[in-house]
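I have placed the structure first, in the form of structure tokens, so that the comments after it can refer back to it.
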Amino acid sequence: MATEVIKTIKPSGGDYISLNAFEAGEQRDLTAVDEIAIAECYSMSDTTSVAINGWTTDSTRFIKITTPLTERHDGKWNTGKYRIEINGTDGIVNYEDYVTIEGLQIEITASSVNNLEGLVILGGNINNKTTVDKTIIRGVISGTSTLCSGIRAQDGDAIIDITNSVIYGFNTNLNYGIRCQGNIHNVFNSVVAGCTWGINGESAVTITNCAVFNNNDDVVGTFTLTYSAGDDVDFATGTGNVQWLSGSIDWNTNFTNYATGDFSVKDSAANIYNAGVDLSGSGVTDDIIGTSRPQSAVYDIGAFELAAPPSVTGGGPRGLFGIGQMGLR
């Protein structure tokens, strides 16, 4: 079994002061040394763009960029936790195969600048897999900025899984939440909102258990759309989809406060509650903040799973009121 080599990214006292410095300092052939390279990112604003390039990896010797739970966002943008904040250029450009990105926050500011991405996935070898999980990417887009994306997946050979993630704010002119240009793309239990194009399938993309709404066009191109919710015509058909007709549903009846970037499920009366499908077979077993999803049962649509309240035991007054009977999982 490959040895995990963990390096910390901290403003002080760690192994590196930026993710870019980690990439430059640790770059190597992981297959030759039988190692997994882990970048563990701690609370800070990381303002240096990073290109992941020059490594050798495989399915058991790979790169993982992650945050410890104590340093990770709580499902919405959190300036007290680790975040990549980039102005005028890309956030992360990944040229490598077998890379996992987990628990990050990436913000891209573009003022009349074109073709900027929060995350670009390029890769190289056939059938490699890149995973983006529990990640928030938001755009601060202004002026004439065009063709910017939260995620641009361009690897022609890779399997790319985007799960439990939130992408929003790529809205001015012609910009994308997720732009799929490569081989096999899966977007599972994620939220894409407030963009020109929500999810753009320039190559085929499978969209399941996703909330894609408040975009000029929610889903475009070649896609398979099931058990998802949105407010354009594509959600009127397909297995398990929920169409939110204009003016018929207030999004805040589904999300705690979508206008401020809080896409947690509001309560058990939400249309997205219990409206998804079990994706444990595809590796989705929890949500953006680690709440378990109910295997062999229905999932909530979106990046969050509505958590069950604590169970109440005993026959006292609390038992009479039955907190556990509120209808929440």
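Following the order of the structure tokens, first chain is A, next is B, and so on, with residues numbered from 1 inside each chain and ligands from 1 in the order they appear.
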(message) Env of Thr144 (chain A): 8 Å cut, atoms = only C-alpha atoms, seq-sep filter 3 positions within chain, self excluded. Answer as a VMD selection string.
(response) chain A and resid 111 to 114 172 to 173
(request) Within 7 Å of region 97-110 of chain A, counting only C-alpha atoms, which residues show up once you throw out same-chain ones fewer than 3 positions away? Write them as a PyMOL selection string, please. (result) chain A and resi 57-59+62-67+72+82-88+91+113+118+123-125+128-142+145
Compile a residue-level contact table for region 145-175 of chain A against region 257-274 of chain A at a cut-off of 10 Å, reporting for every qualifying residue the shortest atom pair and its distance in Å to one decimal, with only C-alpha atoms counted, rows ordered by chain and ascending number, as CSV.
```
residue,atom,partner,partner_atom,distance
A:Val166,CA,A:Phe263,CA,8.1
A:Ile167,CA,A:Gly261,CA,9.6
A:Tyr168,CA,A:Gly261,CA,8.1
A:Gly169,CA,A:Gly261,CA,9.5
```
(message) DSSP on the backbone: which residues in region 86-292 of chain A end up as strand (DSSP E)? Give the answer as a VMD selection string.
(response) chain A and resid 86 to 87 92 to 94 99 to 102 105 to 111 117 to 121 129 to 133 136 to 142 149 to 153 159 to 163 166 to 168 176 to 180 184 to 188 191 to 193 197 to 208 211 to 213 217 to 226 229 to 230 242 to 243 255 to 257 262 to 265
(request) Would you please work out which residue, of A:Gly283, A:Gly182, A:Gly302, A:Gly290, is nearest to Ser228 (chain A) when using only C-alpha atoms? (result)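 When distances to Ser228 (chain A) are compared using only C-alpha atoms, the smallest one comes from A:Gly302.
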Show me a table, sorted first by chain and then by increasing residue number, of the residues of region 252-310 of chain A having an atom at most 7 Å from region 191-214 of chain A, each with its shortest atom pair and the distance in Å to one decimal, counting only C-alpha atoms and written as a Markdown table.
```
| residue | atom | partner | partner_atom | distance |
| --- | --- | --- | --- | --- |
| A:Gly276 | CA | A:Asn209 | CA | 5.1 |
| A:Val277 | CA | A:Asn209 | CA | 6.8 |
| A:Ile301 | CA | A:Asn209 | CA | 4.6 |
| A:Gly302 | CA | A:Cys210 | CA | 4.8 |
| A:Ala303 | CA | A:Val191 | CA | 6.0 |
```
(message) Would you compute the distance between CA of Ile160 (chain A) and CA of Leu122 (chain A)? Give it in Å to one decimal.
(response) 10.3 Å
(message) Let me make sure I understand: among A:Ile289, A:Leu119, A:Val219, A:Ala297, which one has the smallest atom-to-atom distance to Pro68 (chain A) if we use only C-alpha atoms?
(response)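 Nearest to Pro68 (chain A): A:Ile289.
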(message) So, with only C-alpha atoms as the atoms that count, which of A:Lys81, A:Gly75, A:Ile178, A:Met1 lies closest to Glu305 (chain A)?
(response) A:Gly75
